[in-house]
file protein-v3.txt (compact mmCIF, C-alpha atoms)
# COMPACT_ATOMS: atom_id res chain seq x y z
CA MET U 1432 22.09 17.83 -32.50
CA ALA U 1433 19.90 20.01 -34.65
CA VAL U 1434 16.11 19.70 -34.65
CA ALA U 1435 14.77 17.55 -37.47
CA PHE U 1436 11.43 18.15 -39.17
CA ASN U 1437 9.24 16.01 -41.38
CA ALA U 1438 6.62 17.79 -43.45
CA GLY U 1439 4.71 14.55 -43.76
CA LEU U 1440 4.07 14.65 -40.03
CA SER U 1441 3.30 18.37 -39.96
CA ASN U 1442 5.65 18.70 -37.05
CA ARG U 1443 7.05 21.98 -35.84
CA LEU U 1444 8.05 23.94 -32.76
CA ARG U 1445 5.91 26.88 -31.74
CA ASN U 1446 5.78 29.59 -29.12
CA ALA U 1447 2.33 31.11 -28.73
CA ALA U 1448 3.55 34.11 -26.76
CA ALA U 1449 6.29 35.59 -28.89
CA PRO U 1450 8.28 38.23 -26.95
CA LEU U 1451 8.01 40.61 -29.87
CA VAL U 1452 5.80 43.58 -30.67
CA SER U 1453 2.56 42.61 -32.37
CA THR U 1454 3.48 44.51 -35.50
CA GLY U 1455 6.69 42.55 -35.76
CA TYR U 1456 9.05 45.30 -36.87
CA PRO U 1457 11.93 45.28 -36.26
CA VAL U 1458 12.99 41.67 -35.86
CA THR U 1459 16.07 39.71 -36.89
CA VAL U 1460 16.06 35.95 -37.05
CA ALA U 1461 18.88 33.63 -38.04
CA ALA U 1462 19.62 29.93 -38.19
CA TRP U 1463 21.52 27.21 -39.96
CA VAL U 1464 19.14 25.29 -42.22
CA TYR U 1465 19.51 21.87 -43.85
CA PRO U 1466 16.66 21.13 -46.23
CA THR U 1467 16.33 17.55 -47.37
CA THR U 1468 13.73 18.10 -50.06
CA THR U 1469 13.28 20.47 -52.96
CA ALA U 1470 10.57 21.50 -55.41
CA ALA U 1471 8.15 22.33 -52.62
CA ALA U 1472 7.59 25.33 -50.39
CA ARG U 1473 8.90 24.66 -46.88
CA SER U 1474 8.77 27.14 -44.04
CA VAL U 1475 11.85 27.66 -41.90
CA TRP U 1476 10.43 30.27 -39.53
CA SER U 1477 7.33 32.35 -39.15
CA LEU U 1478 5.88 35.04 -36.94
CA THR U 1479 2.12 35.00 -37.37
CA ASP U 1480 -1.33 35.97 -36.23
CA PRO U 1481 -2.49 32.43 -35.50
CA ALA U 1482 -6.14 33.47 -35.82
CA ALA U 1483 -5.75 34.83 -39.31
CA ALA U 1484 -4.93 33.23 -42.62
CA ALA U 1485 -2.68 35.89 -44.06
CA SER U 1486 -1.00 38.02 -41.43
CA TYR U 1487 2.59 36.91 -41.02
CA PHE U 1488 6.31 37.10 -41.58
CA ASN U 1489 7.81 34.03 -43.17
CA VAL U 1490 11.23 32.73 -44.14
CA LEU U 1491 11.05 29.67 -46.35
CA GLN U 1492 12.37 27.70 -49.26
CA SER U 1493 10.19 28.17 -52.30
CA SER U 1494 8.78 25.60 -54.66
CA GLY U 1495 11.18 27.07 -57.18
CA ASP U 1496 14.11 26.08 -54.98
CA GLN U 1497 15.05 29.55 -53.85
CA TRP U 1498 15.11 31.10 -50.41
CA SER U 1499 12.16 33.42 -49.89
CA LEU U 1500 11.10 36.20 -47.58
CA ILE U 1501 7.42 37.02 -47.19
CA ALA U 1502 5.47 39.64 -45.31
CA SER U 1503 1.70 39.51 -45.52
CA ASP U 1504 -0.98 41.81 -44.11
CA GLY U 1505 -3.67 40.17 -46.17
CA THR U 1506 -1.62 40.56 -49.31
CA ALA U 1507 1.71 38.82 -49.46
CA SER U 1508 4.91 40.44 -50.61
CA THR U 1509 7.42 37.78 -51.63
CA VAL U 1510 11.02 38.09 -52.69
CA SER U 1511 13.28 35.17 -53.51
CA GLY U 1512 16.92 34.54 -54.23
CA GLY U 1513 19.79 32.17 -53.61
CA SER U 1514 19.54 28.57 -54.70
CA VAL U 1515 18.31 25.95 -52.27
CA THR U 1516 20.71 23.02 -52.03
CA ALA U 1517 19.28 19.90 -50.49
CA ASN U 1518 21.30 17.95 -47.94
CA ALA U 1519 23.69 20.78 -47.23
CA TRP U 1520 23.80 23.51 -44.61
CA THR U 1521 22.83 27.08 -45.47
CA PHE U 1522 22.99 29.99 -43.04
CA LEU U 1523 20.09 32.43 -43.23
CA ALA U 1524 19.70 35.82 -41.56
CA ALA U 1525 16.38 37.59 -42.08
CA ARG U 1526 15.64 41.15 -41.03
CA PHE U 1527 12.19 42.66 -40.99
CA ILE U 1528 13.36 46.21 -40.54
CA THR U 1529 10.42 48.44 -41.42
CA THR U 1530 7.15 48.13 -43.29
CA THR U 1531 9.06 49.01 -46.46
CA ASN U 1532 12.37 47.28 -45.88
CA ARG U 1533 12.78 43.57 -45.36
CA ARG U 1534 15.96 41.66 -46.12
CA LEU U 1535 17.22 38.11 -46.28
CA ASP U 1536 20.93 37.38 -46.46
CA GLY U 1537 22.31 33.90 -46.83
CA LEU U 1538 25.57 31.97 -46.91
CA LEU U 1539 25.21 29.06 -49.28
CA PRO U 1540 26.95 25.69 -48.97
CA ASP U 1541 29.47 26.51 -51.70
CA GLY U 1542 30.63 29.65 -49.92
CA SER U 1543 28.75 32.14 -52.05
CA THR U 1544 26.27 34.57 -50.56
CA PHE U 1545 23.02 36.12 -51.61
CA ALA U 1546 21.02 39.12 -50.48
CA ILE U 1547 17.41 39.92 -51.30
CA GLN U 1548 15.17 42.79 -50.31
CA SER U 1549 11.50 43.68 -50.35
CA THR U 1550 10.38 47.28 -50.23
CA ALA U 1551 6.66 46.75 -50.76
CA SER U 1552 4.73 48.24 -47.87
CA ARG U 1553 3.31 45.53 -45.63
CA ALA U 1554 2.02 45.99 -42.09
CA PRO U 1555 0.76 42.76 -40.57
CA THR U 1556 -0.81 42.95 -37.14
CA ASN U 1557 -1.47 40.79 -34.10
CA LEU U 1558 1.72 38.84 -34.62
CA SER U 1559 2.07 36.66 -31.56
CA MET U 1560 2.98 33.14 -32.67
CA LEU U 1561 6.55 32.09 -33.36
CA ALA U 1562 7.07 28.87 -35.23
CA ILE U 1563 10.05 26.93 -36.48
CA GLY U 1564 9.29 24.57 -39.31
CA ALA U 1565 5.88 25.88 -40.35
CA ARG U 1566 3.81 28.92 -41.25
CA GLU U 1567 1.65 28.85 -38.15
CA VAL U 1568 -1.37 30.75 -39.43
CA SER U 1569 -5.03 29.81 -38.79
CA THR U 1570 -4.47 26.65 -40.83
CA PRO U 1571 -0.80 25.80 -40.34
CA ALA U 1572 0.97 24.91 -43.55
CA ILE U 1573 4.21 24.93 -45.52
CA PHE U 1574 5.86 22.47 -43.17
CA PHE U 1575 9.61 21.99 -43.28
CA THR U 1576 11.56 18.84 -43.97
CA GLY U 1577 15.14 18.87 -42.84
CA ARG U 1578 17.16 20.19 -39.93
CA ILE U 1579 17.56 23.54 -38.24
CA GLY U 1580 20.20 24.51 -35.71
CA GLU U 1581 21.67 27.54 -33.95
CA PHE U 1582 18.41 29.47 -34.04
CA TRP U 1583 18.20 32.94 -32.55
CA TYR U 1584 16.27 36.16 -32.88
CA ALA U 1585 16.38 39.76 -31.75
CA ALA U 1586 13.68 42.43 -31.51
CA ALA U 1587 15.97 44.73 -33.40
CA ASN U 1588 17.69 45.24 -36.70
CA ILE U 1589 21.21 43.99 -36.09
CA ALA U 1590 22.82 45.94 -38.90
CA GLY U 1591 22.11 48.90 -41.16
CA THR U 1592 19.35 49.14 -43.71
CA GLY U 1593 21.42 47.56 -46.49
CA ALA U 1594 22.50 44.01 -47.17
CA LEU U 1595 24.67 42.41 -44.53
CA ASP U 1596 28.36 42.90 -45.08
CA SER U 1597 29.94 39.62 -46.19
CA GLY U 1598 32.26 39.63 -43.20
CA LEU U 1599 29.41 40.14 -40.75
CA LEU U 1600 27.36 37.42 -42.40
CA ARG U 1601 30.22 34.95 -42.11
CA SER U 1602 30.92 36.07 -38.56
CA LEU U 1603 27.34 35.37 -37.61
CA ALA U 1604 27.43 32.02 -39.37
CA TYR U 1605 30.72 30.66 -38.01
CA GLY U 1606 31.12 32.68 -34.84
CA GLY U 1607 27.53 33.09 -33.78
CA PRO U 1608 25.79 36.16 -32.42
CA PHE U 1609 27.71 36.00 -29.15
CA ALA U 1610 30.98 36.53 -30.94
CA ARG U 1611 29.93 40.17 -31.31
CA PRO U 1612 29.09 41.75 -27.94
CA SER U 1613 27.11 44.63 -29.46
CA LEU U 1614 24.89 42.18 -31.26
CA ALA U 1615 24.73 39.69 -28.41
CA ALA U 1616 23.12 42.33 -26.24
CA LYS U 1617 20.16 42.43 -28.62
CA VAL U 1618 19.47 38.69 -28.72
CA ILE U 1619 16.12 37.85 -27.16
CA GLU U 1620 16.38 34.11 -27.41
CA TYR U 1621 18.96 31.67 -28.66
CA ARG U 1622 18.43 27.95 -29.03
CA ALA U 1623 21.40 25.97 -30.21
CA PHE U 1624 19.39 22.75 -30.53
CA ARG U 1625 22.64 20.92 -29.76
CA LYS U 1626 21.14 19.01 -26.88
CA ASN U 1627 17.35 19.03 -27.01
CA ARG U 1628 14.28 20.37 -28.74
CA VAL U 1629 12.23 22.44 -26.34
CA THR U 1630 13.60 22.26 -22.82
CA GLY U 1631 16.57 24.25 -21.74
CA GLU U 1632 19.92 22.99 -20.64
CA GLY U 1633 22.94 25.00 -19.69
CA GLY U 1634 24.49 26.63 -22.68
CA ASP U 1635 21.88 25.35 -25.09
CA VAL U 1636 19.26 28.00 -24.45
CA TYR U 1637 19.79 31.67 -23.76
CA VAL U 1638 17.32 34.44 -23.09
CA GLY U 1639 18.27 38.06 -23.11
CA ALA U 1640 18.35 40.42 -20.19
CA GLY U 1641 14.88 41.13 -18.87
CA GLN U 1642 13.35 38.26 -20.80
CA GLN U 1643 11.65 35.23 -19.35
CA MET U 1644 12.44 31.71 -20.41
CA GLN U 1645 10.29 31.05 -23.43
CA SER U 1646 7.80 28.22 -23.63
CA TRP U 1647 7.96 26.21 -26.82
CA THR U 1648 5.72 23.33 -27.80
CA ASN U 1649 6.86 20.39 -29.85
CA VAL U 1650 3.93 19.69 -32.17
CA ASN U 1651 3.70 16.22 -33.72
CA GLY U 1652 7.08 15.06 -32.60
CA VAL U 1653 9.98 17.08 -33.94
CA THR U 1654 13.07 14.91 -33.56
CA ILE U 1655 16.79 15.53 -33.58
CA GLY U 1656 19.50 15.10 -36.16
CA PRO U 1657 23.16 15.94 -36.83
CA HIS U 1658 24.19 19.48 -35.99
CA PRO U 1659 25.82 21.85 -38.48
CA PRO U 1660 29.61 21.53 -38.33
CA LEU U 1661 30.95 24.63 -36.65
CA PRO U 1662 34.46 25.55 -35.57
CA TYR U 1663 35.39 25.20 -31.90
CA TRP U 1664 35.59 28.98 -31.58
CA TYR U 1665 31.86 29.38 -32.30
CA ALA U 1666 30.76 31.42 -29.28
CA ASN U 1667 28.10 29.86 -27.10
CA PRO U 1668 26.32 32.24 -24.74
CA ARG U 1669 27.78 30.89 -21.52
CA GLN U 1670 31.07 29.77 -22.91
CA ARG U 1671 34.08 30.83 -20.97
CA LYS U 1672 37.59 29.97 -22.01
CA THR U 1673 39.95 30.54 -19.15
CA LEU U 1674 43.51 29.43 -18.94
CA LEU U 1675 44.04 27.47 -15.75
CA PRO U 1676 47.75 27.15 -15.15
CA PHE U 1677 48.79 24.54 -12.65
CA MET H 1050 58.22 29.77 -2.05
CA THR H 1051 56.11 31.03 -4.94
CA VAL H 1052 55.88 28.93 -8.09
CA THR H 1053 54.95 30.63 -11.31
CA ALA H 1054 53.49 28.68 -14.21
CA SER H 1055 53.82 30.01 -17.71
CA ILE H 1056 53.33 28.91 -21.26
CA LEU H 1057 56.23 27.63 -23.28
CA HIS H 1058 55.95 27.68 -27.05
CA GLY H 1059 58.22 25.18 -28.72
CA ALA H 1060 59.78 25.39 -32.12
CA ALA H 1061 57.34 25.42 -35.01
CA THR H 1062 57.36 22.40 -37.28
CA THR H 1063 56.12 22.06 -40.81
CA ASP H 1064 53.55 19.46 -41.73
CA THR H 1065 54.07 17.33 -44.80
CA ILE H 1066 51.08 18.05 -46.97
CA THR H 1067 51.10 18.41 -50.75
CA LEU H 1068 48.75 21.23 -51.62
CA ALA H 1069 50.31 22.34 -54.91
CA SER H 1070 47.79 21.94 -57.72
CA LEU H 1071 45.18 20.44 -55.40
CA ALA H 1072 42.07 19.95 -57.50
CA SER H 1073 38.83 21.75 -56.78
CA ASP H 1074 35.82 19.75 -55.64
CA THR H 1075 32.37 21.22 -56.18
CA ASN H 1076 31.04 19.13 -53.32
CA LEU H 1077 33.85 20.14 -50.93
CA VAL H 1078 34.61 16.55 -50.06
CA ALA H 1079 37.64 15.38 -52.04
CA GLY H 1080 40.72 17.14 -50.70
CA ARG H 1081 44.20 16.51 -49.31
CA GLU H 1082 45.26 15.20 -45.97
CA GLY H 1083 48.71 15.81 -44.55
CA THR H 1084 50.95 13.43 -42.69
CA ALA H 1085 49.83 13.01 -39.12
CA VAL H 1086 51.83 14.45 -36.26
CA SER H 1087 52.22 12.57 -33.01
CA HIS H 1088 51.39 14.28 -29.72
CA GLU H 1089 51.94 11.23 -27.54
CA ASP H 1090 53.45 12.07 -24.18
CA ALA H 1091 54.42 15.44 -25.50
CA GLU H 1092 52.80 18.84 -25.66
CA ILE H 1093 49.63 20.01 -23.96
CA ASP H 1094 48.42 21.76 -27.08
CA SER H 1095 49.40 22.24 -30.68
CA VAL H 1096 48.62 25.54 -32.37
CA VAL H 1097 48.29 25.18 -36.12
CA GLY H 1098 48.23 27.66 -38.96
CA GLY H 1099 49.40 28.01 -42.50
CA LYS H 1100 49.04 29.56 -45.88
CA VAL H 1101 47.34 28.49 -49.07
CA MET H 1102 47.22 30.10 -52.49
CA THR H 1103 44.44 29.84 -55.04
CA GLY H 1104 45.19 29.07 -58.65
CA THR H 1105 44.65 30.95 -61.89
CA SER H 1106 41.23 32.52 -62.46
CA PRO H 1107 39.35 30.91 -59.60
CA THR H 1108 35.59 31.23 -59.42
CA ALA H 1109 34.44 34.11 -57.25
CA SER H 1110 32.84 33.56 -53.85
CA ARG H 1111 33.99 30.07 -53.11
CA GLN H 1112 35.87 28.68 -50.13
CA ILE H 1113 38.78 26.70 -48.77
CA GLU H 1114 38.06 24.57 -45.73
CA ILE H 1115 40.60 23.56 -43.10
CA TRP H 1116 39.76 20.52 -40.98
CA ALA H 1117 41.62 18.40 -38.45
CA ALA H 1118 41.46 14.64 -38.11
CA GLY H 1119 42.40 12.91 -34.90
CA SER H 1120 43.46 9.41 -33.96
CA TYR H 1121 41.98 7.76 -30.88
CA ASP H 1122 44.52 4.93 -30.73
CA GLY H 1123 47.47 6.15 -32.69
CA THR H 1124 46.44 4.16 -35.75
CA SER H 1125 42.83 4.86 -36.74
CA PHE H 1126 41.75 8.35 -37.63
CA SER H 1127 38.36 10.02 -37.62
CA GLY H 1128 36.46 10.06 -40.89
CA ALA H 1129 38.65 7.26 -42.26
CA ALA H 1130 41.58 9.62 -42.63
CA THR H 1131 44.86 7.79 -43.01
CA GLY H 1132 47.45 10.00 -41.40
CA SER H 1133 49.35 10.09 -44.68
CA ASP H 1134 50.07 12.88 -47.13
CA ALA H 1135 47.54 11.83 -49.76
CA ASN H 1136 44.31 12.78 -51.45
CA LEU H 1137 41.40 11.98 -49.21
CA THR H 1138 37.65 11.82 -49.45
CA PRO H 1139 36.60 11.50 -45.83
CA GLN H 1140 34.12 8.84 -44.93
CA GLU H 1141 32.02 11.67 -43.47
CA LYS H 1142 33.60 15.09 -43.33
CA THR H 1143 31.71 16.09 -40.18
CA LEU H 1144 33.61 13.41 -38.28
CA LEU H 1145 36.59 15.71 -38.58
CA LYS H 1146 36.93 18.97 -36.67
CA LEU H 1147 36.34 22.18 -38.61
CA LEU H 1148 39.07 24.71 -37.92
CA THR H 1149 38.09 27.45 -40.33
CA ILE H 1150 36.57 28.30 -43.69
CA ILE H 1151 38.38 30.76 -45.94
CA PRO H 1152 36.15 32.74 -48.32
CA THR H 1153 37.92 33.20 -51.64
CA SER H 1154 37.67 35.67 -54.47
CA ALA H 1155 38.20 35.57 -58.21
CA THR H 1156 41.72 36.95 -57.83
CA SER H 1157 44.33 34.69 -59.37
CA ASN H 1158 47.08 33.31 -57.14
CA GLN H 1159 45.68 34.91 -54.02
CA ALA H 1160 47.49 33.94 -50.84
CA TYR H 1161 45.51 33.35 -47.66
CA THR H 1162 47.12 32.97 -44.26
CA TRP H 1163 45.02 31.11 -41.71
CA GLY H 1164 45.23 30.31 -38.05
CA PRO H 1165 46.47 29.95 -35.44
CA PHE H 1166 44.01 27.47 -34.07
CA SER H 1167 44.27 25.33 -30.97
CA LEU H 1168 44.00 21.66 -31.81
CA ALA H 1169 43.37 20.79 -28.16
CA GLN H 1170 40.33 23.04 -28.10
CA ALA H 1171 39.19 21.71 -31.45
CA PHE H 1172 39.11 18.24 -29.92
CA GLY H 1173 37.31 19.26 -26.76
CA GLY H 1174 40.28 20.19 -24.59
CA THR H 1175 42.70 17.30 -25.02
CA LEU H 1176 45.03 16.62 -27.89
CA PRO H 1177 44.47 13.24 -29.52
CA ARG H 1178 47.43 10.89 -29.85
CA LYS H 1179 47.91 12.07 -33.42
CA THR H 1180 46.34 14.71 -35.63
CA SER H 1181 46.43 15.50 -39.31
CA ILE H 1182 45.19 18.45 -41.32
CA PHE H 1183 42.69 18.04 -44.15
CA ILE H 1184 42.17 20.80 -46.73
CA VAL H 1185 39.49 20.92 -49.40
CA HIS H 1186 38.29 23.67 -51.73
CA ASN H 1187 35.77 24.44 -54.44
CA THR H 1188 37.45 27.43 -56.09
CA GLY H 1189 36.90 25.95 -59.51
CA VAL H 1190 40.57 25.56 -60.47
CA ASN H 1191 43.58 23.79 -59.01
CA LEU H 1192 45.39 25.52 -56.21
CA ASN H 1193 48.61 27.28 -57.13
CA ALA H 1194 51.19 24.87 -58.52
CA THR H 1195 54.16 26.07 -56.47
CA GLY H 1196 54.64 24.06 -53.32
CA GLY H 1197 56.33 26.89 -51.50
CA ASN H 1198 53.14 28.94 -51.70
CA HIS H 1199 51.44 26.54 -49.33
CA GLU H 1200 52.29 25.40 -45.85
CA VAL H 1201 50.87 24.01 -42.64
CA LYS H 1202 52.86 24.61 -39.52
CA ARG H 1203 52.27 23.90 -35.89
CA THR H 1204 53.72 25.10 -32.62
CA PRO H 1205 53.73 22.83 -29.57
CA VAL H 1206 52.56 24.42 -26.34
CA ASN H 1207 53.54 23.33 -22.85
CA TYR H 1208 53.42 24.73 -19.38
CA VAL H 1209 56.58 25.28 -17.40
CA SER H 1210 56.95 26.25 -13.78
CA ALA H 1211 59.65 28.13 -12.05

call {"tool": "encode", "arguments": {"input": "protein-v3.txt", "output": "structure tokens"}}
result
Amino acid sequence: MAVAFNAGLSNRLRNAAAPLVSTGYPVTVAAWVYPTTTAAARSVWSLTDPAAAASYFNVLQSSGDQWSLIASDGTASTVSGGSVTANAWTFLAARFITTTNRRLDGLLPDGSTFAIQSTASRAPTNLSMLAIGAREVSTPAIFFTGRIGEFWYAAANIAGTGALDSGLLRSLAYGGPFARPSLAAKVIEYRAFRKNRVTGEGGDVYVGAGQQMQSWTNVNGVTIGPHPPLPYWYANPRQRKTLLPF
Amino acid sequence: MTVTASILHGAATTDTITLASLASDTNLVAGREGTAVSHEDAEIDSVVGGKVMTGTSPTASRQIEIWAAGSYDGTSFSGAATGSDANLTPQEKTLLKLLTIIPTSATSNQAYTWGPFSLAQAFGGTLPRKTSIFIVHNTGVNLNATGGNHEVKRTPVNYVSA
């Protein structure tokens, strides 16, 4: 089951103690996203200063029905690309690499991909709040409507400074981060959202080595919905496939 | 006395599935199902694979999806599949099991070989009584018109001891 959001209820999941540096860079975040509305800005994920109005990283669908990447340190830098398709699953992988290099790569429902980049210098500070389904700034806004599943993030840039290779993007989408050991080692937190919204159950939540289990809050009742269809060989963090002859 | 268990791969069989000239579907829903294969009282697993060829001047960056439908009673199949070699629009595609997605290019008559995939693992560890393969694509043009350029084959897997 993926987590299901309703912008009309302003619901979202948030973690007020993000295990990331306060300046944010570098961070990689990825998830399968299923928007159910268009023609309105809807936030998929944000890393914010919850006490400020305009200090944040944000991945969202734009009012112009494109996927957008924003970094704001008082002034927002926005880049957009890839068409938003309602009621279909899109895989997004965002990388906030440096103050002058931020990228969003996506695998669209029809099999095509897109890659966008922002090079405008932006250096937000005091980033401590993680949110799924909203831009959790001093007045939370841009709430999401739809479903999100297989969410994970790393305090690292998982690839080079360019756009993700098509093969890597598809590997992340259909195999997951744990299908690549070198990348898996960088994952800070992974939440499949197959079983529940905020509590952890075996195989559904993973935290990286040296990390503590993260505390998420379900604000205004995020619910659950159908999970993205993934092949059986999608690698879960504790999955072991061992032949047991008898 | 020591008993050794090992895997025994049986002879590969070819599914009956007509993929020649299969029409493209922008929504990736209307595709082709193959004739179901029975696993009743037979193999432990069935490893499936095949080949598919795009048509002339396909649209770039599209995909071919390979799914498996299973029967829980030998008669009814998931997603309202029929178990017959026929065009199919599943009742709900996610009721089937996704085996793989093949990214395609704009190259005409491009052959793609997919698999092998374990049907037992696709269905949570146990083969259903029957399974069929469902293929759908959105490449923008019909798949290649020559039947011999497409195939779905499966290999039964058992354990033997000696």

call {"tool": "residues_around", "arguments": {"input": "protein-v3.txt", "residues": "Ala1118 (chain H)", "least_positions_apart": "6", "cutoff": "7 Å", "atoms": "only C-alpha atoms", "output": "list in words"}}
result
Phe1126, Ser1127, Ala1130, Leu1145, Lys1146, Thr1180, Ser1181 and Ile1182 of chain H

call {"tool": "closest_residue", "arguments": {"input": "protein-v3.txt", "among": "U:Ala1594, U:Met1644, U:Val1653, U:Val1475", "to": "Ile1528 (chain U)", "atoms": "only C-alpha atoms"}}
result
U:Ala1594

call {"tool": "atom_distance", "arguments": {"input": "protein-v3.txt", "atom1": "CA of Lys1617 (chain U)", "atom2": "CA of Trp1583 (chain U)"}}
result
10.5 Å

call {"tool": "residues_around", "arguments": {"input": "protein-v3.txt", "residues": "Pro1450 (chain U)", "least_positions_apart": "3", "cutoff": "8 Å", "atoms": "all atoms listed in the file", "output": "list in words"}}
result
Ser1559, Ile1619 and Gln1642 of chain U

call {"tool": "atom_distance", "arguments": {"input": "protein-v3.txt", "atom1": "CA of Val1086 (chain H)", "atom2": "CA of Thr1131 (chain H)"}}
result
11.8 Å

call {"tool": "residues_around", "arguments": {"input": "protein-v3.txt", "residues": "region 1434-1445 of chain U", "least_positions_apart": "6", "cutoff": "6 Å", "atoms": "all atoms listed in the file", "output": "ChimeraX atom specification"}}
result
/U:1561-1564,1574-1579,1647-1656

call {"tool": "closest_residue", "arguments": {"input": "protein-v3.txt", "among": "H:Ile1184, H:Val1206, H:Val1096, H:Ala1129", "to": "Thr1149 (chain H)", "atoms": "only C-alpha atoms"}}
result
H:Ile1184

call {"tool": "closest_atom_pairs", "arguments": {"input": "protein-v3.txt", "of": "chain U", "to": "chain H", "cutoff": "10 Å", "atoms": "all atoms listed in the file", "output": "JSON lines"}}
result
{"residue": "U:Ala1519", "atom": "CA", "partner": "H:Asn1076", "partner_atom": "CA", "distance": 9.7}
{"residue": "U:Leu1539", "atom": "CA", "partner": "H:Arg1111", "partner_atom": "CA", "distance": 9.6}
{"residue": "U:Pro1540", "atom": "CA", "partner": "H:Asn1076", "partner_atom": "CA", "distance": 8.9}
{"residue": "U:Asp1541", "atom": "CA", "partner": "H:Arg1111", "partner_atom": "CA", "distance": 5.9}
{"residue": "U:Gly1542", "atom": "CA", "partner": "H:Arg1111", "partner_atom": "CA", "distance": 4.7}
{"residue": "U:Ser1543", "atom": "CA", "partner": "H:Ser1110", "partner_atom": "CA", "distance": 4.7}
{"residue": "U:Thr1544", "atom": "CA", "partner": "H:Ser1110", "partner_atom": "CA", "distance": 7.4}
{"residue": "U:Ser1597", "atom": "CA", "partner": "H:Pro1152", "partner_atom": "CA", "distance": 9.5}
{"residue": "U:Gly1598", "atom": "CA", "partner": "H:Pro1152", "partner_atom": "CA", "distance": 9.4}
{"residue": "U:Arg1601", "atom": "CA", "partner": "H:Pro1152", "partner_atom": "CA", "distance": 8.9}
{"residue": "U:Tyr1605", "atom": "CA", "partner": "H:Thr1149", "partner_atom": "CA", "distance": 8.4}
{"residue": "U:Pro1657", "atom": "CA", "partner": "H:Thr1143", "partner_atom": "CA", "distance": 9.2}
{"residue": "U:His1658", "atom": "CA", "partner": "H:Thr1143", "partner_atom": "CA", "distance": 9.3}
{"residue": "U:Pro1659", "atom": "CA", "partner": "H:Thr1143", "partner_atom": "CA", "distance": 8.4}
{"residue": "U:Pro1660", "atom": "CA", "partner": "H:Thr1143", "partner_atom": "CA", "distance": 6.1}
{"residue": "U:Leu1661", "atom": "CA", "partner": "H:Leu1147", "partner_atom": "CA", "distance": 6.2}
{"residue": "U:Pro1662", "atom": "CA", "partner": "H:Leu1147", "partner_atom": "CA", "distance": 4.9}
{"residue": "U:Tyr1663", "atom": "CA", "partner": "H:Ala1171", "partner_atom": "CA", "distance": 5.2}
{"residue": "U:Trp1664", "atom": "CA", "partner": "H:Ala1171", "partner_atom": "CA", "distance": 8.1}
{"residue": "U:Lys1672", "atom": "CA", "partner": "H:Gln1170", "partner_atom": "CA", "distance": 9.6}
{"residue": "U:Leu1675", "atom": "CA", "partner": "H:Ala1054", "partner_atom": "CA", "distance": 9.7}
{"residue": "U:Pro1676", "atom": "CA", "partner": "H:Ala1054", "partner_atom": "CA", "distance": 6.0}
{"residue": "U:Phe1677", "atom": "CA", "partner": "H:Ala1054", "partner_atom": "CA", "distance": 6.5}

call {"tool": "write_last_selection", "arguments": {"input": "protein-v3.txt", "atoms": "C-alpha atoms", "output": "compact mmCIF listing (two decimals), in the coordinates of the input"}}
result
# COMPACT_ATOMS: atom_id res chain seq x y z
CA ALA U 1519 23.69 20.78 -47.23
CA LEU U 1539 25.21 29.06 -49.28
CA PRO U 1540 26.95 25.69 -48.97
CA ASP U 1541 29.47 26.51 -51.70
CA GLY U 1542 30.63 29.65 -49.92
CA SER U 1543 28.75 32.14 -52.05
CA THR U 1544 26.27 34.57 -50.56
CA SER U 1597 29.94 39.62 -46.19
CA GLY U 1598 32.26 39.63 -43.20
CA ARG U 1601 30.22 34.95 -42.11
CA TYR U 1605 30.72 30.66 -38.01
CA PRO U 1657 23.16 15.94 -36.83
CA HIS U 1658 24.19 19.48 -35.99
CA PRO U 1659 25.82 21.85 -38.48
CA PRO U 1660 29.61 21.53 -38.33
CA LEU U 1661 30.95 24.63 -36.65
CA PRO U 1662 34.46 25.55 -35.57
CA TYR U 1663 35.39 25.20 -31.90
CA TRP U 1664 35.59 28.98 -31.58
CA LYS U 1672 37.59 29.97 -22.01
CA LEU U 1675 44.04 27.47 -15.75
CA PRO U 1676 47.75 27.15 -15.15
CA PHE U 1677 48.79 24.54 -12.65

call {"tool": "residues_around", "arguments": {"input": "protein-v3.txt", "residues": "Thr1550 (chain U)", "least_positions_apart": "4", "cutoff": "7 Å", "atoms": "only C-alpha atoms", "output": "PDB file with C-alpha atoms, in the coordinates of the input"}}
result
ATOM      1  CA  THR U1531       9.060  49.010 -46.460  1.00  0.00           C
ATOM      2  CA  ASN U1532      12.370  47.280 -45.880  1.00  0.00           C
ATOM      3  CA  ARG U1533      12.780  43.570 -45.360  1.00  0.00           C
TER       4      ARG U1533
END

call {"tool": "residues_around", "arguments": {"input": "protein-v3.txt", "residues": "region 1491-1496 of chain U", "least_positions_apart": "2", "cutoff": "10 Å", "atoms": "all atoms listed in the file", "output": "number ranges by chain"}}
result
U: 1466, 1468-1477, 1489, 1498-1501, 1510-1517, 1523, 1564-1566, 1573-1575

call {"tool": "atom_distance", "arguments": {"input": "protein-v3.txt", "atom1": "CA of Glu1581 (chain U)", "atom2": "CA of Ser1486 (chain U)"}}
result
26.1 Å

call {"tool": "residues_near_point", "arguments": {"input": "protein-v3.txt", "point": "(52.3, 11.8, -25.5)", "cutoff": "10 Å", "atoms": "only C-alpha atoms", "output": "list in words"}}
result
Ser1087, His1088, Glu1089, Asp1090, Ala1091, Glu1092, Ile1093, Leu1176, Pro1177, Arg1178 and Lys1179 of chain H
